[in-house]
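data-v5.pdb, holding PDB, C-alpha atoms, pLDDT in the B column:
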```
MODEL        1
ATOM      1  CA  ASN A 766      -4.772  14.744 -19.904  1.00 85.00           C
ATOM      2  CA  MET A 767      -8.377  13.579 -19.655  1.00 90.00           C
ATOM      3  CA  GLN A 768      -8.641  12.665 -23.365  1.00 93.00           C
ATOM      4  CA  GLU A 769      -5.639  10.306 -23.113  1.00 94.00           C
ATOM      5  CA  ILE A 770      -7.049   8.726 -19.926  1.00 94.00           C
ATOM      6  CA  MET A 771     -10.406   8.115 -21.637  1.00 95.00           C
ATOM      7  CA  GLU A 772      -8.693   6.585 -24.688  1.00 96.00           C
ATOM      8  CA  ILE A 773      -6.789   4.128 -22.451  1.00 96.00           C
ATOM      9  CA  ALA A 774      -9.953   3.368 -20.443  1.00 94.00           C
ATOM     10  CA  ASN A 775     -11.969   2.693 -23.609  1.00 95.00           C
ATOM     11  CA  LYS A 776      -9.224   0.430 -24.966  1.00 97.00           C
ATOM     12  CA  TYR A 777      -9.387  -1.714 -21.814  1.00 96.00           C
ATOM     13  CA  LEU A 778     -13.186  -1.653 -21.846  1.00 95.00           C
ATOM     14  CA  GLU A 779     -13.224  -3.045 -25.393  1.00 96.00           C
ATOM     15  CA  LEU A 780     -10.672  -5.721 -24.444  1.00 97.00           C
ATOM     16  CA  GLU A 781     -12.622  -6.772 -21.331  1.00 95.00           C
ATOM     17  CA  LEU A 782     -15.960  -6.863 -23.169  1.00 96.00           C
ATOM     18  CA  ASP A 783     -14.384  -8.995 -25.904  1.00 96.00           C
ATOM     19  CA  ASN A 784     -13.139 -11.404 -23.217  1.00 97.00           C
ATOM     20  CA  CYS A 785     -16.617 -11.461 -21.647  1.00 96.00           C
ATOM     21  CA  LYS A 786     -18.187 -12.452 -24.987  1.00 96.00           C
ATOM     22  CA  LYS A 787     -15.666 -15.280 -25.455  1.00 96.00           C
ATOM     23  CA  ALA A 788     -15.917 -16.652 -21.900  1.00 96.00           C
ATOM     24  CA  ASP A 789     -18.445 -19.263 -20.719  1.00 93.00           C
ATOM     25  CA  LYS A 790     -18.871 -17.471 -17.384  1.00 94.00           C
ATOM     26  CA  VAL A 791     -17.845 -14.047 -16.135  1.00 96.00           C
ATOM     27  CA  ILE A 792     -16.934 -13.738 -12.440  1.00 95.00           C
ATOM     28  CA  VAL A 793     -17.304 -10.347 -10.752  1.00 94.00           C
ATOM     29  CA  ILE A 794     -16.292  -9.472  -7.198  1.00 90.00           C
ATOM     30  CA  SER A 795     -19.531  -7.753  -6.080  1.00 88.00           C
ATOM     31  CA  ASP A 796     -23.113  -7.131  -7.180  1.00 88.00           C
ATOM     32  CA  LYS A 797     -22.192  -3.480  -7.720  1.00 87.00           C
ATOM     33  CA  ASP A 798     -19.585  -4.627 -10.268  1.00 90.00           C
ATOM     34  CA  LYS A 799     -22.244  -6.871 -11.806  1.00 92.00           C
ATOM     35  CA  ASP A 800     -24.584  -3.903 -12.275  1.00 92.00           C
ATOM     36  CA  ALA A 801     -21.744  -1.857 -13.804  1.00 91.00           C
ATOM     37  CA  LEU A 802     -20.923  -4.664 -16.264  1.00 94.00           C
ATOM     38  CA  LYS A 803     -24.598  -5.192 -17.189  1.00 94.00           C
ATOM     39  CA  PHE A 804     -24.622  -1.612 -18.483  1.00 93.00           C
ATOM     40  CA  TYR A 805     -22.176  -2.668 -21.241  1.00 94.00           C
ATOM     41  CA  PHE A 806     -22.813  -6.409 -21.518  1.00 94.00           C
ATOM     42  CA  ASN A 807     -26.269  -7.884 -22.095  1.00 91.00           C
ATOM     43  CA  GLU A 808     -25.616 -11.586 -21.344  1.00 92.00           C
ATOM     44  CA  GLU A 809     -26.531 -11.306 -17.667  1.00 91.00           C
ATOM     45  CA  SER A 810     -26.961 -15.093 -17.227  1.00 91.00           C
ATOM     46  CA  LYS A 811     -23.180 -15.487 -17.752  1.00 94.00           C
ATOM     47  CA  ILE A 812     -22.275 -13.187 -14.850  1.00 94.00           C
ATOM     48  CA  VAL A 813     -21.614 -14.734 -11.418  1.00 94.00           C
ATOM     49  CA  THR A 814     -20.667 -12.827  -8.247  1.00 92.00           C
ATOM     50  CA  ILE A 815     -17.914 -14.403  -6.141  1.00 92.00           C
ATOM     51  CA  GLY A 816     -16.570 -12.093  -3.441  1.00 87.00           C
ATOM     52  CA  ASN A 817     -13.531 -12.322  -1.192  1.00 89.00           C
ATOM     53  CA  VAL A 818     -13.464 -15.091   1.419  1.00 93.00           C
ATOM     54  CA  HIS A 819     -14.027 -13.831   4.974  1.00 94.00           C
ATOM     55  CA  GLN A 820     -14.550 -16.206   7.892  1.00 94.00           C
ATOM     56  CA  TYR A 821     -15.986 -14.901  11.171  1.00 95.00           C
ATOM     57  CA  ILE A 822     -13.642 -15.588  14.103  1.00 93.00           C
ATOM     58  CA  LYS A 823     -15.425 -16.766  17.241  1.00 89.00           C
ATOM     59  CA  ASN A 824     -13.371 -15.444  20.153  1.00 87.00           C
ATOM     60  CA  GLU A 825     -14.160 -16.602  23.697  1.00 85.00           C
ATOM     61  CA  ASN A 826     -11.881 -13.935  25.197  1.00 88.00           C
ATOM     62  CA  PHE A 827     -13.464 -11.084  23.205  1.00 95.00           C
ATOM     63  CA  LEU A 828     -12.437  -7.810  24.839  1.00 97.00           C
ATOM     64  CA  PRO A 829     -15.530  -5.822  25.880  1.00 97.00           C
ATOM     65  CA  PHE A 830     -16.417  -2.221  25.030  1.00 98.00           C
ATOM     66  CA  GLU A 831     -15.109  -0.831  28.365  1.00 97.00           C
ATOM     67  CA  LYS A 832     -11.618  -2.274  27.931  1.00 97.00           C
ATOM     68  CA  ARG A 833     -10.972  -0.858  24.457  1.00 98.00           C
ATOM     69  CA  ASN A 834      -9.751   2.647  23.642  1.00 96.00           C
ATOM     70  CA  ASP A 835      -8.024   3.332  20.322  1.00 98.00           C
ATOM     71  CA  LEU A 836      -9.176   3.850  16.764  1.00 98.00           C
ATOM     72  CA  LEU A 837      -7.495   1.770  14.044  1.00 98.00           C
ATOM     73  CA  PHE A 838      -6.728   2.100  10.336  1.00 98.00           C
ATOM     74  CA  ILE A 839      -5.052  -0.620   8.261  1.00 97.00           C
ATOM     75  CA  GLY A 840      -4.020  -0.448   4.619  1.00 95.00           C
ATOM     76  CA  GLY A 841      -0.906  -0.918   2.489  1.00 95.00           C
ATOM     77  CA  PHE A 842       0.441   2.394   1.202  1.00 97.00           C
ATOM     78  CA  ASP A 843       1.375   1.137  -2.251  1.00 96.00           C
ATOM     79  CA  HIS A 844      -2.378   1.463  -2.831  1.00 95.00           C
ATOM     80  CA  LYS A 845      -3.077   5.183  -3.381  1.00 96.00           C
ATOM     81  CA  PRO A 846      -6.622   5.239  -1.890  1.00 96.00           C
ATOM     82  CA  ASN A 847      -5.061   4.264   1.469  1.00 97.00           C
ATOM     83  CA  VAL A 848      -2.634   7.204   1.337  1.00 97.00           C
ATOM     84  CA  ASP A 849      -5.567   9.509   0.574  1.00 97.00           C
ATOM     85  CA  ALA A 850      -7.666   8.025   3.413  1.00 98.00           C
ATOM     86  CA  VAL A 851      -4.906   8.606   5.998  1.00 98.00           C
ATOM     87  CA  LEU A 852      -4.343  12.187   4.815  1.00 98.00           C
ATOM     88  CA  TYR A 853      -8.108  12.720   5.070  1.00 98.00           C
ATOM     89  CA  LEU A 854      -8.038  11.326   8.629  1.00 98.00           C
ATOM     90  CA  TYR A 855      -5.152  13.608   9.564  1.00 98.00           C
ATOM     91  CA  GLU A 856      -6.340  16.809   7.910  1.00 98.00           C
ATOM     92  CA  GLU A 857     -10.095  16.722   8.470  1.00 98.00           C
ATOM     93  CA  ILE A 858     -11.541  13.873  10.503  1.00 98.00           C
ATOM     94  CA  MET A 859      -9.292  13.631  13.574  1.00 98.00           C
ATOM     95  CA  PRO A 860      -9.033  17.425  14.198  1.00 98.00           C
ATOM     96  CA  LEU A 861     -12.846  17.530  14.204  1.00 98.00           C
ATOM     97  CA  LEU A 862     -13.055  14.512  16.538  1.00 98.00           C
ATOM     98  CA  TRP A 863     -10.359  15.849  18.900  1.00 98.00           C
ATOM     99  CA  LYS A 864     -12.509  18.941  19.539  1.00 98.00           C
ATOM    100  CA  SER A 865     -14.975  16.789  21.463  1.00 96.00           C
ATOM    101  CA  VAL A 866     -12.813  13.728  22.315  1.00 97.00           C
ATOM    102  CA  PRO A 867      -9.354  15.260  22.891  1.00 97.00           C
ATOM    103  CA  ASP A 868      -7.705  12.099  24.294  1.00 97.00           C
ATOM    104  CA  ILE A 869      -8.616   9.679  21.490  1.00 98.00           C
ATOM    105  CA  LYS A 870      -5.710   8.028  19.701  1.00 98.00           C
ATOM    106  CA  ILE A 871      -5.582   6.436  16.219  1.00 98.00           C
ATOM    107  CA  LEU A 872      -3.130   3.726  15.140  1.00 98.00           C
ATOM    108  CA  ILE A 873      -2.162   3.609  11.448  1.00 98.00           C
ATOM    109  CA  ILE A 874      -0.856   0.259  10.191  1.00 98.00           C
ATOM    110  CA  GLY A 875       0.318  -0.515   6.664  1.00 97.00           C
ATOM    111  CA  SER A 876       3.377  -1.457   4.647  1.00 97.00           C
ATOM    112  CA  ASN A 877       5.578   1.055   2.793  1.00 97.00           C
ATOM    113  CA  PRO A 878       4.285   4.340   4.247  1.00 97.00           C
ATOM    114  CA  PRO A 879       5.706   7.226   2.142  1.00 97.00           C
ATOM    115  CA  GLU A 880       7.383  10.263   3.693  1.00 97.00           C
ATOM    116  CA  SER A 881       4.094  12.204   3.397  1.00 96.00           C
ATOM    117  CA  ILE A 882       2.581   9.694   5.850  1.00 98.00           C
ATOM    118  CA  LEU A 883       5.622   9.046   8.084  1.00 98.00           C
ATOM    119  CA  LYS A 884       5.926  12.753   8.911  1.00 98.00           C
ATOM    120  CA  LEU A 885       2.399  12.751  10.418  1.00 98.00           C
ATOM    121  CA  ASP A 886       3.490  10.501  13.299  1.00 98.00           C
ATOM    122  CA  SER A 887       2.647  11.632  16.843  1.00 98.00           C
ATOM    123  CA  ASP A 888       1.455  10.067  20.114  1.00 97.00           C
ATOM    124  CA  GLN A 889      -2.181  10.571  19.087  1.00 98.00           C
ATOM    125  CA  PHE A 890      -1.736   9.812  15.367  1.00 98.00           C
ATOM    126  CA  LYS A 891       0.591   6.832  15.514  1.00 98.00           C
ATOM    127  CA  ILE A 892       2.163   5.713  12.223  1.00 98.00           C
ATOM    128  CA  ILE A 893       3.174   2.110  12.981  1.00 98.00           C
ATOM    129  CA  GLY A 894       3.974   0.871   9.458  1.00 97.00           C
ATOM    130  CA  PHE A 895       4.187  -2.828   8.596  1.00 97.00           C
ATOM    131  CA  VAL A 896       2.983  -5.326  11.202  1.00 96.00           C
ATOM    132  CA  LYS A 897       3.404  -9.078  10.704  1.00 95.00           C
ATOM    133  CA  ASP A 898       0.393 -10.072  12.826  1.00 96.00           C
ATOM    134  CA  VAL A 899      -2.468  -7.556  12.781  1.00 96.00           C
ATOM    135  CA  ALA A 900      -4.821  -9.696  14.925  1.00 95.00           C
ATOM    136  CA  PRO A 901      -3.872  -8.070  18.282  1.00 96.00           C
ATOM    137  CA  TYR A 902      -4.766  -4.648  16.882  1.00 97.00           C
ATOM    138  CA  PHE A 903      -8.213  -5.819  15.747  1.00 97.00           C
ATOM    139  CA  LEU A 904      -8.721  -7.584  19.088  1.00 96.00           C
ATOM    140  CA  ASN A 905      -7.823  -4.532  21.208  1.00 97.00           C
ATOM    141  CA  SER A 906      -9.014  -1.469  19.268  1.00 98.00           C
ATOM    142  CA  LYS A 907     -12.425   0.102  19.839  1.00 98.00           C
ATOM    143  CA  ILE A 908     -13.375   1.210  16.300  1.00 98.00           C
ATOM    144  CA  PHE A 909     -11.937   0.553  12.849  1.00 98.00           C
ATOM    145  CA  VAL A 910     -12.053   3.716  10.716  1.00 98.00           C
ATOM    146  CA  ALA A 911     -11.731   3.512   6.906  1.00 98.00           C
ATOM    147  CA  PRO A 912     -12.671   6.845   5.307  1.00 98.00           C
ATOM    148  CA  LEU A 913     -12.001   5.745   1.709  1.00 98.00           C
ATOM    149  CA  ARG A 914     -12.857   8.400  -0.866  1.00 97.00           C
ATOM    150  CA  TYR A 915     -12.167   6.310  -3.991  1.00 95.00           C
ATOM    151  CA  GLY A 916     -11.235   2.775  -5.077  1.00 90.00           C
ATOM    152  CA  ALA A 917     -13.291  -0.055  -6.575  1.00 83.00           C
ATOM    153  CA  GLY A 918     -14.316  -3.536  -5.440  1.00 84.00           C
ATOM    154  CA  ILE A 919     -14.729  -5.187  -2.066  1.00 88.00           C
ATOM    155  CA  LYS A 920     -12.326  -3.833   0.533  1.00 93.00           C
ATOM    156  CA  GLY A 921     -10.415  -6.576   2.354  1.00 92.00           C
ATOM    157  CA  LYS A 922      -9.818  -4.300   5.346  1.00 95.00           C
ATOM    158  CA  ILE A 923     -13.578  -3.964   5.934  1.00 96.00           C
ATOM    159  CA  GLY A 924     -14.017  -7.741   5.728  1.00 96.00           C
ATOM    160  CA  GLN A 925     -11.128  -8.210   8.133  1.00 96.00           C
ATOM    161  CA  SER A 926     -12.674  -5.854  10.684  1.00 97.00           C
ATOM    162  CA  LEU A 927     -15.954  -7.798  10.413  1.00 97.00           C
ATOM    163  CA  GLU A 928     -14.099 -11.108  10.883  1.00 97.00           C
ATOM    164  CA  PHE A 929     -12.974  -9.887  14.302  1.00 97.00           C
ATOM    165  CA  GLY A 930     -16.349  -8.369  15.207  1.00 98.00           C
ATOM    166  CA  LEU A 931     -14.724  -4.928  15.443  1.00 98.00           C
ATOM    167  CA  PRO A 932     -17.251  -2.116  14.875  1.00 98.00           C
ATOM    168  CA  LEU A 933     -16.252   0.164  12.027  1.00 98.00           C
ATOM    169  CA  VAL A 934     -16.975   3.479  10.386  1.00 98.00           C
ATOM    170  CA  THR A 935     -16.481   3.832   6.644  1.00 98.00           C
ATOM    171  CA  THR A 936     -17.873   5.512   3.522  1.00 98.00           C
ATOM    172  CA  ASN A 937     -20.161   4.187   0.760  1.00 96.00           C
ATOM    173  CA  ILE A 938     -16.933   3.404  -1.163  1.00 96.00           C
ATOM    174  CA  GLY A 939     -15.554   1.352   1.753  1.00 96.00           C
ATOM    175  CA  ALA A 940     -18.851  -0.436   2.340  1.00 96.00           C
ATOM    176  CA  GLU A 941     -19.221  -1.526  -1.303  1.00 93.00           C
ATOM    177  CA  GLY A 942     -20.369  -5.146  -1.559  1.00 91.00           C
ATOM    178  CA  PHE A 943     -21.336  -5.469   2.135  1.00 94.00           C
ATOM    179  CA  ASP A 944     -24.948  -5.330   3.321  1.00 95.00           C
ATOM    180  CA  PHE A 945     -24.974  -3.678   6.751  1.00 97.00           C
ATOM    181  CA  GLY A 946     -28.774  -3.649   6.874  1.00 96.00           C
ATOM    182  CA  LEU A 947     -30.156  -1.146   9.386  1.00 96.00           C
ATOM    183  CA  ASN A 948     -26.701  -0.744  10.938  1.00 98.00           C
ATOM    184  CA  LYS A 949     -25.581   1.345   7.961  1.00 97.00           C
ATOM    185  CA  GLU A 950     -26.872   4.420   9.808  1.00 97.00           C
ATOM    186  CA  TYR A 951     -24.201   3.715  12.451  1.00 98.00           C
ATOM    187  CA  VAL A 952     -21.287   2.732  10.212  1.00 98.00           C
ATOM    188  CA  ILE A 953     -21.500   4.711   6.941  1.00 98.00           C
ATOM    189  CA  GLY A 954     -20.721   8.420   6.688  1.00 98.00           C
ATOM    190  CA  ASN A 955     -19.805  10.352   3.547  1.00 94.00           C
ATOM    191  CA  THR A 956     -18.717  13.743   4.868  1.00 97.00           C
ATOM    192  CA  SER A 957     -16.117  14.533   7.549  1.00 98.00           C
ATOM    193  CA  GLN A 958     -18.853  15.559   9.983  1.00 98.00           C
ATOM    194  CA  GLU A 959     -20.929  12.418   9.335  1.00 98.00           C
ATOM    195  CA  ILE A 960     -17.875  10.201   9.860  1.00 98.00           C
ATOM    196  CA  VAL A 961     -17.020  12.001  13.117  1.00 98.00           C
ATOM    197  CA  ASP A 962     -20.638  11.730  14.311  1.00 98.00           C
ATOM    198  CA  LYS A 963     -20.643   7.938  13.692  1.00 98.00           C
ATOM    199  CA  ILE A 964     -17.290   7.511  15.485  1.00 98.00           C
ATOM    200  CA  GLN A 965     -18.572   9.516  18.468  1.00 98.00           C
ATOM    201  CA  LEU A 966     -21.777   7.490  18.654  1.00 98.00           C
ATOM    202  CA  LEU A 967     -19.866   4.187  18.709  1.00 98.00           C
ATOM    203  CA  LEU A 968     -17.383   5.564  21.271  1.00 98.00           C
ATOM    204  CA  GLN A 969     -20.185   6.620  23.610  1.00 97.00           C
ATOM    205  CA  ASN A 970     -22.957   4.079  23.103  1.00 98.00           C
ATOM    206  CA  LYS A 971     -22.126   0.601  24.416  1.00 98.00           C
ATOM    207  CA  GLU A 972     -25.470  -0.844  23.264  1.00 98.00           C
ATOM    208  CA  ILE A 973     -25.014   0.236  19.628  1.00 98.00           C
ATOM    209  CA  TRP A 974     -21.305  -0.784  19.696  1.00 98.00           C
ATOM    210  CA  ASN A 975     -22.311  -4.293  20.850  1.00 98.00           C
ATOM    211  CA  LYS A 976     -25.069  -4.545  18.245  1.00 98.00           C
ATOM    212  CA  VAL A 977     -22.720  -3.589  15.380  1.00 98.00           C
ATOM    213  CA  SER A 978     -20.109  -6.015  16.726  1.00 98.00           C
ATOM    214  CA  LEU A 979     -22.533  -8.950  17.043  1.00 97.00           C
ATOM    215  CA  ASP A 980     -24.113  -8.299  13.632  1.00 98.00           C
ATOM    216  CA  ALA A 981     -20.697  -8.539  11.936  1.00 97.00           C
ATOM    217  CA  GLU A 982     -21.058 -12.322  11.659  1.00 96.00           C
ATOM    218  CA  GLN A 983     -24.278 -11.907   9.675  1.00 96.00           C
ATOM    219  CA  VAL A 984     -22.769  -9.211   7.404  1.00 96.00           C
ATOM    220  CA  ILE A 985     -19.901 -11.477   6.275  1.00 95.00           C
ATOM    221  CA  ALA A 986     -21.941 -14.698   6.146  1.00 94.00           C
ATOM    222  CA  PRO A 987     -22.186 -14.462   2.290  1.00 92.00           C
ATOM    223  CA  PHE A 988     -18.352 -14.394   2.179  1.00 92.00           C
ATOM    224  CA  SER A 989     -17.835 -17.508   4.306  1.00 92.00           C
ATOM    225  CA  THR A 990     -15.900 -20.475   2.882  1.00 91.00           C
ATOM    226  CA  THR A 991     -19.140 -22.499   2.874  1.00 92.00           C
ATOM    227  CA  CYS A 992     -21.076 -19.958   0.782  1.00 92.00           C
ATOM    228  CA  ILE A 993     -18.221 -19.270  -1.651  1.00 92.00           C
ATOM    229  CA  GLU A 994     -17.580 -23.015  -2.029  1.00 93.00           C
ATOM    230  CA  GLU A 995     -21.244 -23.632  -2.917  1.00 92.00           C
ATOM    231  CA  ILE A 996     -21.152 -20.946  -5.626  1.00 91.00           C
ATOM    232  CA  ILE A 997     -17.909 -22.287  -7.138  1.00 92.00           C
ATOM    233  CA  VAL A 998     -19.153 -25.906  -7.109  1.00 93.00           C
ATOM    234  CA  SER A 999     -22.452 -24.951  -8.807  1.00 89.00           C
ATOM    235  CA  LEU A1000     -20.504 -22.852 -11.316  1.00 89.00           C
ATOM    236  CA  LEU A1001     -18.281 -25.816 -12.255  1.00 88.00           C
ATOM    237  CA  LYS A1002     -21.275 -28.174 -12.524  1.00 83.00           C
ATOM    238  CA  ASN A1003     -22.845 -25.881 -15.098  1.00 69.00           C
TER     239      ASN A1003
ENDMDL
END
```

Go ahead and render the structure in this file as structure tokens.
Amino acid sequence: NMQEIMEIANKYLELELDNCKKADKVIVISDKDKDALKFYFNEESKIVTIGNVHQYIKNENFLPFEKRNDLLFIGGFDHKPNVDAVLYLYEEIMPLLWKSVPDIKILIIGSNPPESILKLDSDQFKIIGFVKDVAPYFLNSKIFVAPLRYGAGIKGKIGQSLEFGLPLVTTNIGAEGFDFGLNKEYVIGNTSQEIVDKIQLLLQNKEIWNKVSLDAEQVIAPFSTTCIEEIIVSLLKN
């Protein structure tokens, strides 16, 4: 019940705050996490943000807008938010999208899909399961779709899509830690209809698709090996 959950949560909160007090520096994964910690912990100067490492991949044979067709989702199914996101795609988002784009297909990649996911498989909602090399999927798909409804921290799948310059549509939860600038109006939707509208816009508008794709390098610049290395080196010097 909720009381038991809160007791466990408070126990871990006390433990983590005690560790924060004892540590010389506290590393958080995003500025959103930093703000959440500041609410409980007043030694802000000790907190340093170090995100995931994401390196933009310059691809000379980048497949253009016209030669791409499918939507893509990637996420391991041992992580419950990914199961929820795929069910959300199947039950609400894709049926809405198919009304106006009946031929669109989505590919679902991820290890250990449970029976609840495997049974959704069809030609237009393809459950592929584990794939050793995901690069070809990022290089050939038209839009990455990650309608995450819960889950904390920076999402590796979003960073991976940005690495390949693949335009994406996600939620505020999925976008956590990434600054999309003005492009957020094209890539972030928080209701089924908003998500479908963003997907449709990117499917139809080559100019916006190219802009979102090109701007990906800038969005993940703070996560590059160079930037992360600088933060770690300065952290160790102090």

- Any chance you could resolve the PyMOL selection byres ((chain A and resi 934-949) around 9) against this file and give the residues as a ChimeraX atom specification? /A:794-798,816,908-920,922-924,932-933,950-956,960-961,963-964,967,973,976-977,980-981,983-985

- Just the residues within 9 Å of segment 877-889 of chain A, please, counting all atoms listed in the file, with nothing from its chain fewer than 2 positions along; format it as a list of chain:residue names. A:Gly841, A:Phe842, A:Asp843, A:Val848, A:Val851, A:Leu852, A:Tyr855, A:Asp868, A:Ile869, A:Lys870, A:Ile871, A:Leu872, A:Ile874, A:Gly875, A:Lys891, A:Ile892, A:Ile893, A:Gly894, A:Phe895

- Query: Which residues, written as a PyMOL selection string, have at least one atom at most 12 Å from Lys799 of chain A, with only C-alpha atoms counted and residues fewer than 3 positions away on the same chain left out?
  - Reply: chain A and resi 791-796+802-816+918+942

- Give me, please, the distance in Å between atom CA of Leu931 of chain A and atom CA of Lys907 of chain A, quoted to one decimal. 7.1 Å

Around all of segment 973-981 of chain A's listed atoms, make the axis-aligned box with 3 Å on each side and tell me centre and edge lengths in Å to one decimal, as AutoDock Vina command-line options.
```
--center_x -22.6 --center_y -4.4 --center_z 16.4 --size_x 11.0 --size_y 15.2 --size_z 14.9
```

- Task: Mind giving me the straight-line distance from atom CA of Met859 of chain A to atom CA of Leu968 of chain A in Å, one decimal?
- Result: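 That distance, rounded to one decimal, is 13.8 Å.
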
- Where does the PyMOL selection byres ((chain A and resi 820-823) around 9) land in this file, that is, which residues does it pick, as number ranges by chain? A: 818-819, 824-825, 827, 924-925, 927-930, 981-983, 985-986, 988-990

- Selection under test: the PyMOL selection byres ((chain A and resi 861) around 12); residues as a ChimeraX atom specification: /A:853-860,862-867,869,956-962,964-965

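The interatomic distance for the pair atom CA of Ser926 of chain A and atom CA of Ser876 of chain A works out to 17.7 Å.
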
- Looking at all atoms listed in the file, which of A:Lys790, A:Asn766, A:Ile873, A:Glu781 is the one that sits closest to Lys1002 of chain A? A:Lys790

- Task: May I ask which of the residues A:Leu979, A:Leu1000, A:Val899, A:Leu780 is the closest one to Pro829 of chain A, counting all atoms listed in the file?
- Result: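 Of A:Leu979, A:Leu1000, A:Val899, A:Leu780, the one nearest Pro829 of chain A, counting all atoms listed in the file, is A:Leu979.
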
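Closest approach to Asp835 of chain A among A:Val896, A:Ile770, A:Leu782, A:Leu904: A:Leu904, based on all atoms listed in the file.
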